[in-house]
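Student: Sharing entry-v5.txt, compact mmCIF, C-alpha atoms:
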```
# COMPACT_ATOMS: atom_id res chain seq x y z
CA MET A 1 0.00 0.00 0.00
CA GLY A 2 2.91 2.36 0.80
CA LYS A 3 4.57 1.82 -2.59
CA LEU A 4 1.22 2.38 -4.34
CA SER A 5 0.76 5.73 -2.53
CA ILE A 6 4.23 6.88 -3.60
CA ILE A 7 3.55 5.91 -7.22
CA ILE A 8 0.22 7.77 -7.17
CA TYR A 9 1.86 10.86 -5.60
CA ILE A 10 4.68 10.95 -8.18
CA THR A 11 2.16 10.52 -11.02
CA VAL A 12 0.01 13.41 -9.73
CA ALA A 13 3.06 15.64 -9.23
CA LEU A 14 4.33 14.99 -12.75
CA LEU A 15 0.87 15.61 -14.16
CA LEU A 16 0.67 18.94 -12.34
CA LEU A 17 4.07 19.98 -13.63
CA PHE A 18 3.05 19.04 -17.18
CA LEU A 19 -0.27 20.92 -17.01
CA ILE A 20 1.32 24.04 -15.50
CA SER A 21 4.21 24.17 -17.95
CA HIS A 22 1.91 23.62 -20.95
CA SER A 23 -1.07 25.72 -19.86
CA PRO A 24 -2.07 28.00 -22.76
CA ASP A 25 -2.51 31.05 -20.55
CA ASN A 26 1.10 30.91 -19.37
CA SER A 27 2.20 32.88 -22.42
CA THR A 28 -0.81 35.11 -23.03
CA HIS A 29 -3.18 35.93 -20.21
CA ARG A 30 -0.55 35.93 -17.46
CA ASN A 31 1.92 37.96 -19.47
CA THR A 32 -0.54 40.83 -19.69
CA HIS A 33 -1.21 40.95 -15.97
CA ARG A 34 2.21 40.58 -14.32
CA ARG A 35 5.16 42.90 -14.25
CA HIS A 36 8.65 41.50 -14.31
CA ARG A 37 9.61 40.94 -10.69
CA ARG A 38 13.01 40.39 -9.15
CA LEU A 39 13.15 37.90 -6.33
CA LYS A 40 15.63 38.61 -3.55
CA LEU A 41 16.24 36.89 -0.27
CA ARG A 42 14.77 38.63 2.73
CA SER A 43 17.35 39.11 5.44
CA ASN A 44 16.79 37.29 8.71
CA PHE A 45 17.79 40.54 10.41
CA THR A 46 14.42 42.13 9.64
CA THR A 47 12.52 40.15 12.25
CA ASP A 48 13.42 37.91 15.15
CA HIS A 49 11.09 35.13 14.08
CA HIS A 50 11.38 34.98 10.32
CA VAL A 51 12.27 31.42 9.34
CA SER A 52 12.83 30.34 5.76
CA PHE A 53 10.40 27.74 4.52
CA ASP A 54 12.99 26.07 2.28
CA PRO A 55 16.12 24.60 3.96
CA LEU A 56 18.13 25.52 0.87
CA VAL A 57 17.21 29.20 1.20
CA ALA A 58 17.82 28.99 4.96
CA ASP A 59 21.35 27.79 4.24
CA ILE A 60 22.01 30.80 1.98
CA GLU A 61 20.69 33.16 4.64
CA ARG A 62 22.78 31.44 7.33
CA LYS A 63 25.93 31.89 5.25
CA ARG A 64 25.16 35.54 4.74
CA GLU A 65 24.44 36.07 8.41
CA ASP A 66 27.57 34.14 9.40
CA LYS A 67 29.74 36.38 7.25
CA LEU A 68 28.28 39.50 8.85
CA TRP A 69 28.67 37.94 12.28
CA GLU A 70 32.31 37.07 11.58
CA LYS A 71 33.06 40.57 10.39
CA THR A 72 31.27 42.20 13.32
CA HIS A 73 32.95 40.12 15.99
CA PHE A 74 36.35 40.24 14.33
CA PHE A 75 36.03 44.03 14.08
CA ASN A 76 35.16 44.27 17.77
CA HIS A 77 38.02 41.93 18.64
CA ASN A 78 40.44 43.96 16.53
CA ASN A 79 39.23 47.20 18.09
CA ASN A 80 39.85 45.85 21.57
CA ASN A 81 43.32 44.68 20.56
CA ASN A 82 44.06 48.00 18.87
CA ASN A 83 43.01 49.90 21.96
CA ASN A 84 45.35 47.77 24.02
CA ASN A 85 48.14 48.25 21.48
CA ASN A 86 47.62 52.00 21.40
CA ASN A 87 47.76 52.13 25.16
CA ASN A 88 51.11 50.36 24.94
CA ASN A 89 52.32 52.61 22.10
CA VAL A 90 52.24 49.69 19.64
CA GLU A 91 51.03 50.19 16.09
CA PRO A 92 47.80 48.17 15.45
CA GLU A 93 47.96 45.47 12.82
CA ASP A 94 45.45 45.30 9.99
CA ASP A 95 45.04 41.54 9.70
CA ASP A 96 42.21 39.51 8.26
CA ALA A 97 40.28 37.13 10.43
CA PRO A 98 41.74 33.60 10.46
CA GLY A 99 40.13 31.40 7.83
CA MET A 100 38.59 34.32 5.94
CA GLU A 101 41.06 34.13 3.03
CA GLY A 102 39.31 33.01 -0.12
CA GLN A 103 35.88 33.22 1.53
CA PRO A 104 33.15 35.17 -0.31
CA GLU A 105 32.24 38.47 1.28
CA TRP A 106 28.94 38.49 3.17
CA GLU A 107 27.66 41.12 0.72
CA ASP A 108 27.76 38.44 -1.97
CA PHE A 109 24.79 36.78 -0.33
CA ILE A 110 22.59 39.87 -0.10
CA ASP A 111 21.23 39.68 -3.64
CA ALA A 112 20.68 36.04 -4.52
CA GLU A 113 18.58 36.94 -7.54
CA ASP A 114 20.82 35.10 -9.95
CA TYR A 115 20.68 32.00 -7.80
CA LEU A 116 16.92 32.01 -7.40
CA ASN A 117 15.94 33.26 -10.82
CA ASP A 118 18.02 30.79 -12.78
CA GLU A 119 15.67 27.88 -13.44
CA HIS A 120 18.63 25.56 -13.88
CA LYS A 121 19.71 26.28 -10.30
CA PHE A 122 16.46 26.90 -8.48
CA ASN A 123 12.97 26.25 -9.76
CA ILE A 124 10.33 27.02 -7.15
CA THR A 125 7.78 24.61 -8.61
CA HIS A 126 10.30 21.79 -8.57
CA ARG A 127 11.31 22.70 -5.01
CA LEU A 128 7.70 22.60 -3.80
CA VAL A 129 7.16 19.23 -5.49
CA LEU A 130 10.30 17.96 -3.77
CA LEU A 131 9.47 19.36 -0.33
CA PHE A 132 5.76 18.48 -0.27
CA PRO A 133 6.15 14.78 0.73
CA ASN A 134 8.58 15.82 3.49
CA ILE A 135 5.88 18.02 5.04
CA ASP A 136 2.86 15.82 4.33
CA ILE A 137 3.73 13.04 6.77
CA ASP A 138 1.11 12.98 9.54
CA PRO A 139 -0.71 11.41 7.75
CA ALA A 140 0.70 11.25 4.23
CA ASP A 141 -2.65 11.89 2.55
CA GLY A 142 -1.86 14.39 -0.20
CA PHE A 143 -2.64 17.47 1.93
CA VAL A 144 -0.59 19.68 4.22
CA THR A 145 -2.45 20.60 7.39
CA GLU A 146 -1.77 23.42 9.84
CA HIS A 147 -0.22 20.89 12.23
CA GLU A 148 2.11 19.47 9.58
CA LEU A 149 3.15 22.93 8.43
CA THR A 150 3.71 24.05 12.03
CA GLU A 151 5.95 21.04 12.68
CA TRP A 152 7.88 21.77 9.50
CA ASN A 153 8.36 25.43 10.41
CA LEU A 154 9.35 24.46 13.95
CA GLY A 155 12.00 22.08 12.65
CA GLN A 156 13.49 24.81 10.46
CA SER A 157 13.37 27.27 13.36
CA GLN A 158 15.06 24.90 15.81
CA LYS A 159 17.91 24.32 13.36
CA GLU A 160 18.39 28.07 13.03
CA VAL A 161 18.30 28.68 16.78
CA LEU A 162 20.79 25.88 17.47
CA HIS A 163 23.10 27.17 14.74
CA ARG A 164 23.15 30.62 16.33
CA SER A 165 23.77 29.14 19.77
CA GLN A 166 26.67 27.06 18.45
CA ARG A 167 28.14 30.13 16.83
CA GLU A 168 27.73 32.17 20.02
CA MET A 169 29.18 29.39 22.15
CA GLU A 170 32.40 29.51 20.12
CA LEU A 171 33.01 33.01 21.48
CA HIS A 172 32.77 31.93 25.10
CA ASP A 173 34.33 28.47 25.07
CA LYS A 174 37.83 29.82 25.62
CA ASN A 175 39.57 26.47 26.18
CA ARG A 176 37.64 24.74 23.34
CA ASP A 177 36.43 21.84 25.48
CA GLY A 178 32.83 22.02 24.28
CA LEU A 179 31.69 23.47 27.62
CA VAL A 180 31.23 26.98 28.97
CA SER A 181 31.83 27.89 32.61
CA PHE A 182 30.43 31.02 34.21
CA GLN A 183 33.97 32.38 34.38
CA GLU A 184 34.30 31.97 30.61
CA TYR A 185 30.96 33.53 29.87
CA GLN A 186 30.76 37.25 29.20
CA PRO A 187 27.47 39.15 28.89
CA PRO A 188 26.48 40.68 25.54
CA SER A 189 28.11 43.98 24.57
CA TRP A 190 24.96 46.01 25.31
CA VAL A 191 25.16 44.82 28.92
CA ARG A 192 28.89 45.43 29.25
CA ASP A 193 28.66 48.85 27.62
CA SER A 194 26.02 49.91 30.14
CA GLY A 195 28.53 49.53 32.96
CA ASN A 196 25.83 47.80 35.02
CA VAL A 197 26.66 44.12 34.73
CA ASP A 198 26.28 43.63 38.46
CA ASN A 199 23.12 45.62 39.06
CA SER A 200 19.69 46.20 37.60
CA SER A 201 19.70 49.87 36.66
CA PHE A 202 19.78 49.38 32.88
CA GLY A 203 16.08 50.06 32.49
CA TYR A 204 15.05 46.52 33.33
CA ASP A 205 16.37 43.70 35.41
CA MET A 206 19.81 42.43 34.47
CA GLY A 207 19.17 38.99 35.97
CA TRP A 208 19.25 37.56 32.46
CA TRP A 209 23.04 37.75 32.53
CA LYS A 210 23.71 36.87 36.15
CA GLU A 211 25.00 33.68 37.73
CA GLU A 212 21.48 32.71 38.82
CA HIS A 213 20.47 32.47 35.17
CA PHE A 214 23.58 30.44 34.38
CA LYS A 215 23.02 27.98 37.23
CA ALA A 216 19.36 27.52 36.32
CA SER A 217 20.43 26.62 32.77
CA ASP A 218 22.91 24.05 34.11
CA ALA A 219 20.46 21.13 34.07
CA ASP A 220 22.92 18.48 35.29
CA GLY A 221 24.49 20.78 37.89
CA ASP A 222 28.09 20.13 36.86
CA GLY A 223 29.00 23.83 36.75
CA PHE A 224 29.31 23.93 32.96
CA LEU A 225 26.93 24.43 30.05
CA ASN A 226 27.06 21.97 27.17
CA ILE A 227 25.54 23.01 23.85
CA THR A 228 22.01 21.93 24.84
CA GLU A 229 22.21 23.82 28.13
CA PHE A 230 23.82 26.83 26.45
CA ASN A 231 21.04 26.85 23.86
CA ASP A 232 18.51 26.88 26.72
CA PHE A 233 20.51 29.64 28.39
CA GLN A 234 20.21 31.73 25.23
CA HIS A 235 16.56 30.80 24.58
CA PRO A 236 14.86 29.94 27.90
CA ALA A 237 11.36 30.20 26.41
CA ASP A 238 11.96 26.92 24.57
CA THR A 239 13.48 24.95 27.43
CA LYS A 240 12.10 21.84 29.09
CA ASN A 241 14.41 22.35 32.07
CA PRO A 242 12.15 22.92 35.14
CA LYS A 243 14.88 24.89 36.94
CA LEU A 244 15.11 27.34 34.07
CA LEU A 245 11.34 27.69 33.79
CA ARG A 246 11.18 28.45 37.50
CA TRP A 247 13.92 31.05 37.07
CA LEU A 248 11.95 32.59 34.20
CA CYS A 249 8.95 32.94 36.53
CA LYS A 250 11.14 34.59 39.17
CA GLU A 251 12.33 37.07 36.55
CA GLU A 252 8.72 37.93 35.74
CA VAL A 253 8.01 38.62 39.40
CA ARG A 254 11.20 40.68 39.65
CA GLU A 255 10.27 42.76 36.62
CA ARG A 256 6.56 43.29 37.42
CA ASP A 257 6.87 43.71 41.19
CA THR A 258 6.71 47.51 41.33
CA ASP A 259 6.30 47.72 45.12
CA ARG A 260 9.20 45.28 45.67
CA ASP A 261 7.38 42.97 48.07
CA GLY A 262 8.45 39.85 46.15
CA LYS A 263 4.96 39.04 44.84
CA ILE A 264 2.52 40.14 42.17
CA ASN A 265 -0.66 41.84 43.38
CA PHE A 266 -3.73 42.26 41.19
CA LYS A 267 -2.80 45.75 40.05
CA GLU A 268 0.64 44.58 38.93
CA PHE A 269 -0.95 41.59 37.19
CA PHE A 270 -3.64 43.66 35.48
CA HIS A 271 -1.24 46.25 34.05
CA GLY A 272 0.91 44.06 31.83
CA LEU A 273 0.62 40.33 32.46
CA PHE A 274 -3.09 40.01 31.78
CA ASP A 275 -2.77 41.67 28.38
CA LEU A 276 0.11 39.39 27.41
CA VAL A 277 -1.94 36.29 28.22
CA ARG A 278 -4.97 37.63 26.33
CA ASN A 279 -2.85 38.53 23.32
CA TYR A 280 -1.51 34.98 23.27
CA ASP A 281 -4.95 33.37 23.56
CA GLU A 282 -6.77 35.79 21.25
CA GLU A 283 -4.31 36.80 18.57
CA SER A 284 -6.87 38.76 16.55
CA HIS A 285 -8.41 40.83 19.34
CA ASN A 286 -7.76 44.53 19.62
CA SER A 287 -7.46 45.60 23.24
CA SER A 288 -7.70 49.29 22.30
CA HIS A 289 -11.45 48.86 21.79
CA GLU A 290 -11.95 47.54 25.31
CA SER A 291 -12.01 49.71 28.41
CA SER A 292 -10.23 48.87 31.65
CA ASP A 293 -13.58 48.58 33.39
CA SER A 294 -14.82 45.92 30.98
CA LEU A 295 -11.65 43.90 31.52
CA ASP A 296 -11.55 44.17 35.29
CA SER A 297 -13.97 41.30 35.96
CA PRO A 298 -12.37 38.69 33.64
CA ALA A 299 -8.95 39.73 34.90
CA ARG A 300 -9.96 39.20 38.55
CA LYS A 301 -11.47 35.82 37.70
CA PHE A 302 -8.29 34.70 35.95
CA PHE A 303 -6.14 36.09 38.76
CA ALA A 304 -8.14 34.03 41.27
CA GLN A 305 -7.60 30.88 39.20
CA LEU A 306 -3.84 31.40 39.31
CA ASP A 307 -3.79 32.35 43.00
CA LYS A 308 -3.86 28.77 44.28
CA ASP A 309 -3.27 29.61 47.94
CA GLY A 310 -5.82 32.44 47.86
CA ASP A 311 -3.56 34.98 49.55
CA GLY A 312 -4.29 37.71 47.00
CA TYR A 313 -0.83 37.54 45.43
CA LEU A 314 0.88 35.55 42.71
CA SER A 315 4.19 33.91 43.53
CA ASP A 316 6.73 32.71 40.95
CA VAL A 317 5.39 29.16 41.29
CA GLU A 318 1.85 30.35 40.58
CA LEU A 319 3.05 31.94 37.33
CA LEU A 320 4.28 28.59 35.97
CA PRO A 321 0.97 27.74 34.20
CA ILE A 322 1.19 30.91 32.08
CA ILE A 323 4.94 31.34 31.62
CA GLY A 324 4.71 29.92 28.09
CA LYS A 325 2.23 32.66 27.21
CA LEU A 326 4.37 35.40 28.73
CA HIS A 327 7.40 34.11 26.82
CA PRO A 328 6.11 32.45 23.62
CA SER A 329 8.21 29.59 22.29
CA GLU A 330 9.37 28.94 18.74
CA ARG A 331 6.36 26.65 18.32
CA TYR A 332 4.06 29.63 18.84
CA TYR A 333 5.73 31.55 16.02
CA ALA A 334 5.89 28.45 13.82
CA LYS A 335 2.11 28.12 14.17
CA GLN A 336 1.61 31.81 13.39
CA GLN A 337 3.63 31.37 10.22
CA ALA A 338 1.68 28.24 9.28
CA ASP A 339 -1.66 29.99 9.86
CA TYR A 340 -0.60 32.89 7.67
CA ILE A 341 0.60 30.64 4.84
CA ILE A 342 -2.62 28.63 4.85
CA SER A 343 -4.75 31.79 4.94
CA GLN A 344 -2.96 33.03 1.82
CA ALA A 345 -2.66 29.83 -0.21
CA ASP A 346 -5.78 27.83 0.74
CA THR A 347 -7.93 28.82 -2.22
CA ASP A 348 -10.73 26.30 -1.61
CA LYS A 349 -10.84 27.24 2.11
CA ASP A 350 -10.82 23.66 3.41
CA GLY A 351 -8.16 24.48 6.01
CA ARG A 352 -5.37 22.53 4.32
CA LEU A 353 -3.08 22.81 1.30
CA SER A 354 -2.81 20.59 -1.74
CA LEU A 355 0.33 20.52 -3.85
CA ALA A 356 -1.56 22.41 -6.56
CA GLU A 357 -2.44 25.21 -4.12
CA MET A 358 1.18 25.47 -2.98
CA ILE A 359 2.44 25.62 -6.56
CA ASP A 360 -0.18 28.26 -7.36
CA SER A 361 1.04 30.52 -4.49
CA PRO A 362 4.83 30.19 -4.64
CA TYR A 363 5.65 33.63 -3.22
CA VAL A 364 3.85 32.83 0.04
CA PHE A 365 6.41 30.12 0.81
CA TYR A 366 9.51 32.02 -0.19
CA SER A 367 10.00 35.11 1.95
CA ALA A 368 10.89 37.53 -0.78
CA ILE A 369 11.06 41.17 -1.74
CA PHE A 370 9.56 42.01 -5.11
CA ASN A 371 10.69 45.12 -6.99
CA GLU A 372 8.64 46.19 -9.98
CA ASP A 373 10.63 47.52 -12.91
CA GLU A 374 10.20 51.14 -13.89
CA ASP A 375 9.20 50.32 -17.47
CA GLU A 376 5.78 49.13 -18.54
CA ASP A 377 6.92 45.82 -20.07
CA TYR A 378 5.15 42.82 -18.61
CA GLU A 379 6.98 39.57 -18.32
CA TYR A 380 6.03 36.26 -16.71
CA HIS A 381 8.78 34.11 -15.21
CA ASP A 382 8.18 30.39 -15.69
CA GLU A 383 10.95 29.50 -13.27
CA PHE A 384 8.64 30.61 -10.43
CA ARG A 385 5.98 28.09 -11.41
```
Output the structure of this file as structure tokens.

Tutor:
Amino acid sequence: MGKLSIIIYITVALLLLFLISHSPDNSTHRNTHRRHRRLKLRSNFTTDHHVSFDPLVADIERKREDKLWEKTHFFNHNNNNNNNNNNNNVEPEDDDAPGMEGQPEWEDFIDAEDYLNDEHKFNITHRLVLLFPNIDIDPADGFVTEHELTEWNLGQSQKEVLHRSQREMELHDKNRDGLVSFQEYQPPSWVRDSGNVDNSSFGYDMGWWKEEHFKASDADGDGFLNITEFNDFQHPADTKNPKLLRWLCKEEVRERDTDRDGKINFKEFFHGLFDLVRNYDEESHNSSHESSDSLDSPARKFFAQLDKDGDGYLSDVELLPIIGKLHPSERYYAKQQADYIISQADTDKDGRLSLAEMIDSPYVFYSAIFNEDEDEDYEYHDEFR
């Protein structure tokens, strides 16, 4: 039965490709309604949660980001060395970063138009046909559901997050033993530059870069962070480590506790936390249309549900049930991305995507910037179908 399903799928895919490539309106009707468009990669720097749908495009973006990262950190490292050299009356050296010889400049990855627009290198229709069976797996029924698309997006996101953590860990693992001690770890530059590494006067609590955070991330308690623990340290919202989740709750109390009594009263809960939970549960609601008075009753009811001991305050332990809503995980954003894609590509509105629907909406899946030419010539690009 499995082999029969694969044969049927391949037959349908080939038929779709044949029909699309030989459709009579490809050269007439469409040509009169579309301008020539240039497809460029969208930088991952534009948003914290943009994740490329296609692993191949993600790899291009990673290389581009890595080159910028290398240049930035090497520049900072050189500046520090130059400052030290100048202080010692030694002329600074203008060296390249080790291993950068012969490497393409990061700017080379900014405009990947040639790579994406050359149908011999990258044909979006062919890519979608190739990727479809890798997404349609639960069950493999010829349709991509919101759940399947969310899982796919989450997988791409987790790879990206881990890659960044590995890259960041290289900076701190001074002895190259695959572990980071608290002594090796240095806070980000924006913390160091503030001059307030050891206090909380930087506008919000600096506990994120203190030893308490480090120890909470150290799941096995050996005093070091391996790559999994370091990844959790960098991205605590996605952790399964109960110590780190508890620490995250303590940070919420620390940040929201305006009267510094170590607990969250209703007023502190109502002005901030309640809105975050509502925004998570009701993504489409607009709180600006609702008055504080109309929200007071549901807020008090929800507060009472969280206040297990009924003392009128919320402790860090009592925030555990909602910590995932206060700090959304990558899964949350993966689902948002899946919902958006389906809303744009699901033409028959059955809540799922067929291969034909995906092929018919290629730009939804490839985060791209389209620039219309100045002239009035219309041109249709078959490589995008």

Student: Find the distance between atom CA of A:Ser354 and atom CA of A:Phe53 and write it in Å to one decimal.

Tutor: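 Answer for the atom CA of A:Ser354 to atom CA of A:Phe53 separation: 16.3 Å.
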
Student: Restricting the calculation to all atoms listed in the file, which member of A:Asn134, A:Asn241, A:Ser361, A:Ser343 is positioned closest to A:Gly155?

Tutor: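 The shortest atom-to-atom distance to A:Gly155 comes from A:Asn134.
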
Student: How many Å separate atom CA of A:Asn123 from atom CA of A:Gln344?

Tutor: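 According to the coordinates, atom CA of A:Asn123 and atom CA of A:Gln344 are separated by 20.8 Å.
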
Student: Name the residues in contact with A:Val161 at a cut-off of 12 Å, using all atoms listed in the file, excluding same-chain residues fewer than 4 positions from it; report them as a list in words.

Tutor: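 Here the answer would be Asn44, Asp48, His49, His50, Val51, Ala58, Arg62, Leu154, Gly155, Gln156, Ser157, Ser165, Gln166, Arg167, Glu168, Ile227, Thr228, Phe230, Asn231, Asp232, Phe233, Gln234, His235, Pro236, Ala237, Asp238, Ser329 and Glu330 of chain A.
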
Student: Report, in Å to a single decimal, how far apart atom CA of A:His172 and atom CA of A:Lys67 are.

Tutor: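 Taking atom CA of A:Lys67 as the start and atom CA of A:His172 as the end point, the length is 18.6 Å.
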
Student: A:Met169, A:Asp136, A:Glu318, A:Val57: which is nearest A:Ala304, counting all atoms listed in the file?

Tutor: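 Counting all atoms listed in the file, the residue closest to A:Ala304 is A:Glu318.
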
Student: Using only C-alpha atoms, which protein or nucleic acid residues come within 8 Å of A:Lys335? Drop anything in the same chain fewer than 5 positions from it, and give the result as a ChimeraX atom specification.

Tutor: /A:146-147,149-150,153

Student: For A:Glu229, which of A:Leu171, A:Ser181, A:Leu355, A:Phe274 is the closest residue, counting only C-alpha atoms?

Tutor: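 Among the listed residues, the smallest separation from A:Glu229 belongs to A:Ser181.
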
Student: Excluding A:Glu148 and residues on its chain fewer than 6 positions from it, collect all residues at most 8 Å away from it, counting all atoms listed in the file, and give them as an NGL selection string.

Tutor: :A and (135-138)

Student: Restricted to C-alpha atoms, what would the selected residues look like written as a compact mmCIF listing (two decimals), keeping the file's coordinate frame?

Tutor:
```
# COMPACT_ATOMS: atom_id res chain seq x y z
CA ILE A 135 5.88 18.02 5.04
CA ASP A 136 2.86 15.82 4.33
CA ILE A 137 3.73 13.04 6.77
CA ASP A 138 1.11 12.98 9.54
```
